[in-house]
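Participant: Structure supplied as entry29.cif; contents: mmCIF, C-alpha atoms and all ligand atoms.
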```
data_structure
#
loop_
_atom_site.label_atom_id
_atom_site.label_comp_id
_atom_site.auth_asym_id
_atom_site.auth_seq_id
_atom_site.Cartn_x
_atom_site.Cartn_y
_atom_site.Cartn_z
CA MET A 83 119.15 88.06 119.22
CA PRO A 84 120.69 91.21 120.76
CA ASP A 85 121.50 93.68 117.99
CA ARG A 86 122.65 97.00 119.42
CA MET A 87 125.80 96.86 117.24
CA LYS A 88 124.11 95.36 114.18
CA GLY A 89 125.64 96.68 110.94
CA LYS A 90 128.54 98.34 112.76
CA VAL A 91 132.19 97.48 112.28
CA ALA A 92 134.51 98.18 115.23
CA ILE A 93 138.23 98.06 115.91
CA VAL A 94 139.12 97.27 119.54
CA THR A 95 142.82 97.65 120.44
CA GLY A 96 144.54 95.59 123.12
CA ALA A 97 141.70 93.08 122.98
CA ALA A 98 143.72 89.95 123.75
CA SER A 99 142.91 90.37 127.45
CA GLY A 100 141.24 92.40 130.18
CA PHE A 101 138.79 95.18 129.27
CA GLY A 102 139.49 94.91 125.52
CA LYS A 103 138.49 91.28 125.40
CA GLY A 104 135.27 92.08 127.29
CA ILE A 105 134.45 94.96 124.93
CA ALA A 106 135.13 92.87 121.79
CA ALA A 107 133.04 89.93 123.05
CA THR A 108 130.13 92.23 123.97
CA PHE A 109 130.16 93.99 120.57
CA GLN A 110 130.23 90.63 118.76
CA SER A 111 127.35 89.28 120.87
CA GLU A 112 125.35 92.45 120.02
CA GLY A 113 125.61 91.75 116.29
CA GLY A 114 128.69 93.87 115.50
CA SER A 115 131.71 92.89 113.41
CA VAL A 116 134.89 93.30 115.42
CA VAL A 117 138.54 93.56 114.45
CA ILE A 118 140.65 92.98 117.50
CA THR A 119 144.26 94.09 117.59
CA ASP A 120 147.04 93.38 120.05
CA LEU A 121 150.80 92.97 120.34
CA SER A 122 150.30 89.37 121.37
CA GLU A 123 149.76 87.24 118.27
CA GLU A 124 148.98 83.98 120.03
CA THR A 125 146.49 85.28 122.61
CA GLY A 126 144.94 87.75 120.18
CA ALA A 127 144.30 85.07 117.55
CA SER A 128 142.88 82.70 120.17
CA VAL A 129 140.48 85.35 121.57
CA ALA A 130 139.36 86.24 118.04
CA LYS A 131 138.58 82.59 117.33
CA GLU A 132 136.74 82.20 120.65
CA ILE A 133 134.40 85.16 120.05
CA GLY A 134 134.15 85.06 116.24
CA ALA A 135 136.13 88.25 115.57
CA THR A 136 139.00 89.01 113.19
CA PHE A 137 142.52 89.47 114.58
CA VAL A 138 145.22 91.77 113.25
CA ARG A 139 148.55 91.91 115.08
CA ALA A 140 149.37 95.58 115.57
CA ASP A 141 151.36 97.86 117.84
CA VAL A 142 149.29 100.98 118.64
CA THR A 143 152.46 103.09 118.77
CA LYS A 144 153.26 102.50 115.08
CA ARG A 145 151.67 104.46 112.25
CA GLU A 146 152.24 101.69 109.70
CA ASP A 147 150.36 99.26 111.98
CA TRP A 148 147.35 101.60 112.17
CA GLU A 149 147.41 101.86 108.36
CA LYS A 150 147.51 98.06 108.14
CA VAL A 151 144.59 97.66 110.59
CA LEU A 152 142.44 100.16 108.67
CA LYS A 153 143.23 98.46 105.35
CA GLN A 154 142.50 94.95 106.67
CA THR A 155 139.26 96.13 108.27
CA LEU A 156 138.07 97.65 105.00
CA ASP A 157 139.22 94.59 103.02
CA SER A 158 137.32 92.27 105.38
CA TYR A 159 134.15 94.26 106.12
CA GLY A 160 134.01 97.10 103.57
CA ARG A 161 133.59 99.83 106.21
CA LEU A 162 134.51 101.04 109.71
CA ASP A 163 132.25 102.80 112.24
CA VAL A 164 133.77 102.56 115.71
CA VAL A 165 137.29 102.68 117.17
CA ILE A 166 137.84 101.65 120.79
CA ASN A 167 141.28 102.82 121.87
CA ASN A 168 141.73 100.45 124.78
CA ALA A 169 145.38 99.29 124.67
CA GLY A 170 147.28 100.90 127.50
CA THR A 171 150.13 100.38 129.90
CA THR A 172 151.79 101.63 133.06
CA TYR A 173 154.99 101.24 135.04
CA ALA A 174 154.57 99.61 138.45
CA ASN A 175 153.36 101.97 141.22
CA LYS A 176 156.45 103.58 142.77
CA PRO A 177 157.75 106.88 144.14
CA THR A 178 157.62 109.39 141.29
CA GLU A 179 161.26 110.52 141.76
CA THR A 180 162.30 106.98 140.72
CA VAL A 181 160.46 107.04 137.37
CA THR A 182 162.94 106.69 134.48
CA ASP A 183 163.00 108.31 131.04
CA LYS A 184 162.21 104.86 129.66
CA ASP A 185 159.12 104.50 131.92
CA PHE A 186 157.89 107.95 130.91
CA ASP A 187 158.39 107.46 127.16
CA PHE A 188 156.81 104.00 127.25
CA VAL A 189 153.65 105.19 129.03
CA PHE A 190 153.21 108.25 126.82
CA ASP A 191 153.86 106.28 123.62
CA VAL A 192 151.33 103.54 124.39
CA ASN A 193 148.70 105.66 126.15
CA VAL A 194 148.89 109.02 124.33
CA LYS A 195 150.69 108.70 120.99
CA SER A 196 148.37 105.77 120.15
CA ILE A 197 145.32 108.08 120.31
CA TYR A 198 147.08 110.63 118.09
CA LEU A 199 147.99 107.94 115.54
CA SER A 200 144.56 106.29 115.51
CA THR A 201 142.80 109.55 114.80
CA ASN A 202 145.46 110.78 112.38
CA VAL A 203 145.07 107.60 110.30
CA ILE A 204 141.32 106.98 110.63
CA LEU A 205 139.78 110.48 110.60
CA PRO A 206 140.68 111.07 106.92
CA TYR A 207 138.77 107.86 106.07
CA PHE A 208 135.66 108.95 108.06
CA LEU A 209 135.79 112.43 106.50
CA LYS A 210 136.28 111.19 102.93
CA GLU A 211 133.45 108.65 103.17
CA GLY A 212 131.15 110.92 105.19
CA ILE A 213 130.93 108.31 107.98
CA LYS A 214 129.59 109.53 111.33
CA GLY A 215 132.12 107.43 113.19
CA SER A 216 132.73 107.12 116.90
CA PHE A 217 135.98 106.99 118.87
CA VAL A 218 136.04 105.79 122.48
CA THR A 219 139.19 106.29 124.54
CA ILE A 220 139.64 103.97 127.51
CA ALA A 221 141.10 106.52 129.92
CA SER A 222 140.88 106.07 133.70
CA THR A 223 139.65 107.59 136.94
CA ALA A 224 143.42 108.17 137.33
CA GLY A 225 143.07 111.01 134.83
CA LEU A 226 140.38 112.68 136.97
CA ARG A 227 141.14 111.70 140.56
CA PRO A 228 144.78 110.54 140.76
CA ARG A 229 146.28 108.21 143.33
CA PRO A 230 149.91 108.40 144.53
CA GLY A 231 152.76 106.48 142.89
CA LEU A 232 151.47 106.69 139.30
CA ALA A 233 151.96 110.38 138.44
CA TRP A 234 152.91 109.96 134.78
CA TYR A 235 150.36 107.22 134.13
CA ASN A 236 147.73 109.54 135.66
CA ALA A 237 148.99 112.43 133.51
CA SER A 238 148.83 110.29 130.34
CA LYS A 239 145.16 109.56 131.02
CA ALA A 240 144.39 113.23 131.76
CA ALA A 241 146.06 114.09 128.43
CA VAL A 242 143.87 111.71 126.44
CA ILE A 243 140.68 112.84 128.20
CA ASN A 244 141.52 116.39 127.12
CA ALA A 245 142.47 115.38 123.55
CA THR A 246 139.25 113.38 123.26
CA LYS A 247 137.16 116.39 124.35
CA SER A 248 139.12 118.64 121.97
CA MET A 249 138.36 116.40 119.01
CA ALA A 250 134.70 116.10 120.09
CA VAL A 251 134.24 119.85 119.62
CA GLU A 252 136.36 119.98 116.47
CA TYR A 253 134.66 117.13 114.62
CA GLY A 254 131.13 117.42 116.08
CA PRO A 255 130.01 119.43 113.03
CA LYS A 256 130.97 116.43 110.86
CA GLY A 257 128.93 114.08 113.07
CA ILE A 258 132.03 112.25 114.35
CA ARG A 259 131.83 111.54 118.09
CA PHE A 260 134.64 111.26 120.65
CA ASN A 261 134.12 110.02 124.21
CA SER A 262 136.26 108.66 127.03
CA VAL A 263 135.39 105.90 129.47
CA CYS A 264 137.10 106.20 132.84
CA PRO A 265 137.26 102.87 134.67
CA VAL A 266 138.18 102.56 138.31
CA PHE A 267 140.62 99.83 139.33
CA ALA A 268 139.77 96.30 138.10
CA ALA A 269 140.94 93.12 139.76
CA GLY A 270 142.52 90.39 137.65
CA THR A 271 143.49 92.23 134.44
CA GLY A 272 147.04 92.36 133.07
CA LEU A 273 147.69 95.76 134.68
CA SER A 274 146.14 95.26 138.13
CA SER A 275 149.32 94.29 139.99
CA LYS A 276 151.20 97.24 138.45
CA PHE A 277 148.57 99.70 139.68
CA LEU A 278 148.81 98.21 143.16
CA GLY A 279 152.63 98.04 143.05
CA LYS A 280 152.29 94.58 144.58
CA GLU A 281 150.56 91.26 143.92
CA ASP A 282 146.88 91.50 142.93
CA THR A 283 145.30 89.76 145.95
CA ASP A 284 142.11 90.44 147.96
CA GLU A 285 144.23 91.70 150.83
CA ASN A 286 146.34 94.07 148.68
CA ARG A 287 143.25 95.44 146.91
CA LYS A 288 141.50 96.44 150.14
CA GLY A 289 142.89 100.00 150.18
CA PHE A 290 141.73 100.69 146.61
CA VAL A 291 138.31 99.10 147.04
CA ALA A 292 137.69 100.98 150.31
CA THR A 293 137.52 104.26 148.32
CA ILE A 294 134.78 102.97 145.97
CA PRO A 295 131.29 103.71 147.37
CA LEU A 296 129.69 100.71 145.62
CA GLY A 297 132.24 98.53 147.38
CA ARG A 298 133.86 96.60 144.55
CA SER A 299 136.37 96.99 141.74
CA SER A 300 135.29 97.27 138.10
CA THR A 301 134.91 94.35 135.67
CA PRO A 302 135.47 94.05 131.90
CA GLN A 303 131.67 93.76 131.52
CA ASP A 304 131.12 97.11 133.32
CA ILE A 305 133.48 98.77 130.86
CA ALA A 306 132.04 96.93 127.86
CA ASN A 307 128.51 98.06 128.79
CA ALA A 308 129.62 101.72 128.81
CA CYS A 309 131.41 101.30 125.46
CA LEU A 310 128.32 99.63 123.99
CA TYR A 311 126.10 102.54 125.01
CA LEU A 312 128.52 105.12 123.60
CA SER A 313 129.15 103.22 120.35
CA SER A 314 125.59 102.17 119.54
CA ASP A 315 122.86 104.46 118.20
CA GLU A 316 121.69 104.99 121.81
CA GLY A 317 124.76 107.19 122.24
CA ALA A 318 124.06 109.23 119.10
CA PHE A 319 123.79 112.56 120.99
CA ILE A 320 126.65 111.91 123.41
CA THR A 321 130.03 113.42 122.60
CA GLY A 322 132.90 114.86 124.63
CA VAL A 323 132.04 113.06 127.86
CA ALA A 324 134.50 111.36 130.20
CA LEU A 325 132.16 108.71 131.58
CA GLU A 326 133.26 107.45 134.99
CA VAL A 327 132.58 103.74 135.40
CA ASP A 328 133.77 103.71 138.95
CA GLY A 329 131.09 102.81 141.51
CA GLY A 330 131.16 106.43 142.70
CA ARG A 331 134.92 106.70 143.31
CA CYS A 332 135.24 110.14 141.67
CA VAL A 333 132.35 111.79 143.56
N1 LIG A 401 142.78 97.38 134.92
C1 LIG A 401 142.49 98.52 135.53
O1 LIG A 401 142.38 98.58 136.76
C2 LIG A 401 142.29 99.76 134.71
C3 LIG A 401 141.70 100.87 135.32
C4 LIG A 401 141.52 102.04 134.57
C5 LIG A 401 141.89 102.07 133.24
N2 LIG A 401 142.48 100.97 132.67
C6 LIG A 401 142.86 101.07 131.26
O2 LIG A 401 142.16 100.06 130.55
C7 LIG A 401 142.91 99.68 129.41
C8 LIG A 401 143.01 98.18 129.35
O3 LIG A 401 143.71 97.72 130.48
P1 LIG A 401 143.56 96.25 131.09
O4 LIG A 401 143.53 96.41 132.54
O5 LIG A 401 142.51 95.50 130.39
O6 LIG A 401 145.03 95.69 130.73
P2 LIG A 401 145.53 94.34 130.07
O7 LIG A 401 147.02 94.35 130.27
O8 LIG A 401 144.76 93.17 130.58
O9 LIG A 401 145.20 94.56 128.53
C9 LIG A 401 145.88 95.48 127.75
C10 LIG A 401 146.16 94.83 126.40
O10 LIG A 401 146.81 95.81 125.59
C11 LIG A 401 147.84 95.17 124.88
N3 LIG A 401 148.87 96.15 124.52
C12 LIG A 401 149.77 96.75 125.35
N4 LIG A 401 150.57 97.55 124.65
C13 LIG A 401 150.17 97.49 123.36
C14 LIG A 401 150.62 98.08 122.15
N5 LIG A 401 151.67 98.90 122.14
N6 LIG A 401 149.95 97.79 121.02
C15 LIG A 401 148.91 96.92 121.01
N7 LIG A 401 148.45 96.31 122.11
C16 LIG A 401 149.09 96.59 123.27
C17 LIG A 401 148.38 94.10 125.81
O11 LIG A 401 149.06 93.06 125.09
C18 LIG A 401 147.11 93.61 126.48
O12 LIG A 401 146.52 92.51 125.81
C19 LIG A 401 144.25 100.42 129.50
O13 LIG A 401 144.20 101.57 128.68
C20 LIG A 401 144.32 100.80 130.97
O14 LIG A 401 145.12 101.94 131.17
C21 LIG A 401 142.68 99.82 133.38
#
```
Translate this file's structure into structure tokens.
Ligand SMILES: NC(=O)c1ccc[n+]([C@@H]2O[C@H](COP(=O)([O-])OP(=O)(O)OC[C@H]3O[C@@H](n4cnc5c(N)ncnc54)[C@H](O)[C@@H]3O)[C@@H](O)[C@H]2O)c1
Facilitator:
Amino acid sequence: MPDRMKGKVAIVTGAASGFGKGIAATFQSEGGSVVITDLSEETGASVAKEIGATFVRADVTKREDWEKVLKQTLDSYGRLDVVINNAGTTYANKPTETVTDKDFDFVFDVNVKSIYLSTNVILPYFLKEGIKGSFVTIASTAGLRPRPGLAWYNASKAAVINATKSMAVEYGPKGIRFNSVCPVFAAGTGLSSKFLGKEDTDENRKGFVATIPLGRSSTPQDIANACLYLSSDEGAFITGVALEVDGGRCV
């Protein structure tokens, strides 16, 4: 029985689909206890049932929802060790002069404010209980090596990579770790067609995939494997990294 997450309780946001679902399923199969959260009640509850996790409907942009998720996690499992901040969004790829105030606010609320709120609500719990917790931010290669047409999505990911490093140095002395995982483009997730700015087909993906030395896009399992390493005891001495899971794209 694989047990790299045995005894650990994790929250995975946006886990009703895509990378989040892969991360939650991998943590469960490695003996962890997972609370998955998402905006989507129906899909979230169905994924939780499928993998044996607990589901809490929550919007990552709302403080009261973070407070509810922490409370329900502690009520169900008595502790919390790992937070995977995976929920994210973008506007569809387009010329940057056509981005609206609404697009900008939406992307920064979901991608950046969510990280602020998660740490603002959960750090006091880790500090009070003396838990050497771990936060993983699902950022993107977009925050390190941007592509055209997604300027403010790219900037939101650069912001959270920096915030994650900042908190790694600030809370390292307390044993609390902060890392980012930076996936390259994945085919078939909820956001894929928005990144492309057109339908997510083999033909339309060619341009993206051509820039990846290993010759393919990323998968939820690739991202889950990186999160597992960083969240398990194997990652105990790793903090402040922005781990590219990108087949060499950022070289
Ligand atoms: N798919 C890619 O190519 C790719 C590449 C690099 C980084 N990422 C990042 O990976 C993460 C996951 O993306 P994905 O491709 O799996 O997308 P996805 O759309 O399949 O999954 C994202 C999930 O987050 C949920 N969500 C959105 N807004 C939310 C909110 N306010 N509160 C709670 N849940 C919310 C959605 O309902 C959805 O289930 C995102 O942060 C994204 O920026 C994706």
Participant: Between CA of Asp187 (chain A) and CA of Tyr235 (chain A), what distance in Å does the model show, to one decimal?
Facilitator: 10.6 Å
Participant: Could you give me the centre and size, in Å to one decimal, of an axis-aligned box around all listed atoms of region 103-110 of chain A with 6 Å added on every side, as lines of an AutoDock Vina configuration file?
Facilitator:
```
center_x = 134.3
center_y = 92.4
center_z = 123.0
size_x = 20.4
size_y = 17.0
size_z = 20.5
```
Participant: Please provide as a ChimeraX atom specification all residues within 10 Å of Gly89 (chain A), with the sequence filter that same-chain residues fewer than 6 positions apart are discarded (counting all atoms listed in the file).
Facilitator: /A:113-115,161-163
Participant: Would you tabulate, counting all atoms listed in the file, all residues of chain A that have an atom at most 6 Å from an atom of ligand LIG 401 (chain A), showing the closest pair of atoms and their distance in Å to one decimal, sorted by chain then ascending number, as JSON lines?
Facilitator:
```
{"residue": "A:Gly96", "atom": "CA", "partner": "A:LIG401", "partner_atom": "O10", "distance": 3.4}
{"residue": "A:Ala97", "atom": "CA", "partner": "A:LIG401", "partner_atom": "O12", "distance": 5.6}
{"residue": "A:Ala98", "atom": "CA", "partner": "A:LIG401", "partner_atom": "O12", "distance": 4.3}
{"residue": "A:Ser99", "atom": "CA", "partner": "A:LIG401", "partner_atom": "O12", "distance": 4.5}
{"residue": "A:Gly100", "atom": "CA", "partner": "A:LIG401", "partner_atom": "O5", "distance": 3.4}
{"residue": "A:Phe101", "atom": "CA", "partner": "A:LIG401", "partner_atom": "O5", "distance": 3.9}
{"residue": "A:Gly102", "atom": "CA", "partner": "A:LIG401", "partner_atom": "O5", "distance": 5.8}
{"residue": "A:Asp120", "atom": "CA", "partner": "A:LIG401", "partner_atom": "N7", "distance": 3.8}
{"residue": "A:Leu121", "atom": "CA", "partner": "A:LIG401", "partner_atom": "C15", "distance": 4.4}
{"residue": "A:Ser122", "atom": "CA", "partner": "A:LIG401", "partner_atom": "O11", "distance": 5.4}
{"residue": "A:Ala140", "atom": "CA", "partner": "A:LIG401", "partner_atom": "C15", "distance": 5.6}
{"residue": "A:Asp141", "atom": "CA", "partner": "A:LIG401", "partner_atom": "N6", "distance": 3.5}
{"residue": "A:Val142", "atom": "CA", "partner": "A:LIG401", "partner_atom": "N6", "distance": 4.0}
{"residue": "A:Thr143", "atom": "CA", "partner": "A:LIG401", "partner_atom": "N5", "distance": 5.4}
{"residue": "A:Asn168", "atom": "CA", "partner": "A:LIG401", "partner_atom": "O13", "distance": 4.8}
{"residue": "A:Ala169", "atom": "CA", "partner": "A:LIG401", "partner_atom": "O10", "distance": 3.9}
{"residue": "A:Gly170", "atom": "CA", "partner": "A:LIG401", "partner_atom": "O13", "distance": 3.4}
{"residue": "A:Thr171", "atom": "CA", "partner": "A:LIG401", "partner_atom": "O14", "distance": 5.4}
{"residue": "A:Val192", "atom": "CA", "partner": "A:LIG401", "partner_atom": "N5", "distance": 5.2}
{"residue": "A:Ile220", "atom": "CA", "partner": "A:LIG401", "partner_atom": "O13", "distance": 5.3}
{"residue": "A:Ala221", "atom": "CA", "partner": "A:LIG401", "partner_atom": "C5", "distance": 5.6}
{"residue": "A:Ser222", "atom": "CA", "partner": "A:LIG401", "partner_atom": "C5", "distance": 4.2}
{"residue": "A:Pro265", "atom": "CA", "partner": "A:LIG401", "partner_atom": "C4", "distance": 4.3}
{"residue": "A:Val266", "atom": "CA", "partner": "A:LIG401", "partner_atom": "C3", "distance": 4.9}
{"residue": "A:Phe267", "atom": "CA", "partner": "A:LIG401", "partner_atom": "O1", "distance": 3.4}
{"residue": "A:Ala268", "atom": "CA", "partner": "A:LIG401", "partner_atom": "O1", "distance": 3.7}
{"residue": "A:Thr271", "atom": "CA", "partner": "A:LIG401", "partner_atom": "O8", "distance": 4.2}
{"residue": "A:Gly272", "atom": "CA", "partner": "A:LIG401", "partner_atom": "O7", "distance": 3.4}
{"residue": "A:Leu273", "atom": "CA", "partner": "A:LIG401", "partner_atom": "O7", "distance": 4.7}
{"residue": "A:Ser274", "atom": "CA", "partner": "A:LIG401", "partner_atom": "N1", "distance": 5.1}
```
Participant: Determine the nearest neighbour of Thr246 (chain A) from the options A:Gly322, A:Pro206, A:Gly279, A:Pro295, counting only C-alpha atoms.
Facilitator: A:Gly322
Participant: Taking into account only C-alpha atoms, which residue in the set A:Arg259, A:Lys239, A:Lys184, A:Lys288 is nearest to Thr201 (chain A)?
Facilitator: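 Smallest separation from Thr201 (chain A) among the options: A:Arg259.
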Participant: Distance CA of Leu226 (chain A)-CA of Ser196 (chain A), one decimal place?
Facilitator: 19.9 Å
Participant: Do you have the CA of Ile105 (chain A)-CA of Ile204 (chain A) distance handy?
Facilitator: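 A separation of 19.9 Å between them.
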Participant: Under the rule that only C-alpha atoms are counted, which of A:Val327, A:Ala306, A:Val194, A:Ile93 is the nearest residue to Ala245 (chain A)?
Facilitator: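 The shortest atom-to-atom distance to Ala245 (chain A) comes from A:Val194.
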Participant: Using all atoms listed in the file, pick whichever of A:Thr223, A:Leu278, A:Gly289, A:Tyr159 has the shortest atom-to-atom distance to Asp328 (chain A).
Facilitator: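 Among the listed residues, the smallest separation from Asp328 (chain A) belongs to A:Thr223.
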Participant: Could you check the closest approach to Val116 (chain A) for each of A:Ser238, A:Ser216, A:Thr136, A:Ser128 and tell me which residue wins, using all atoms listed in the file?
Facilitator: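 Checking each candidate against Val116 (chain A), we get A:Thr136 as the closest.
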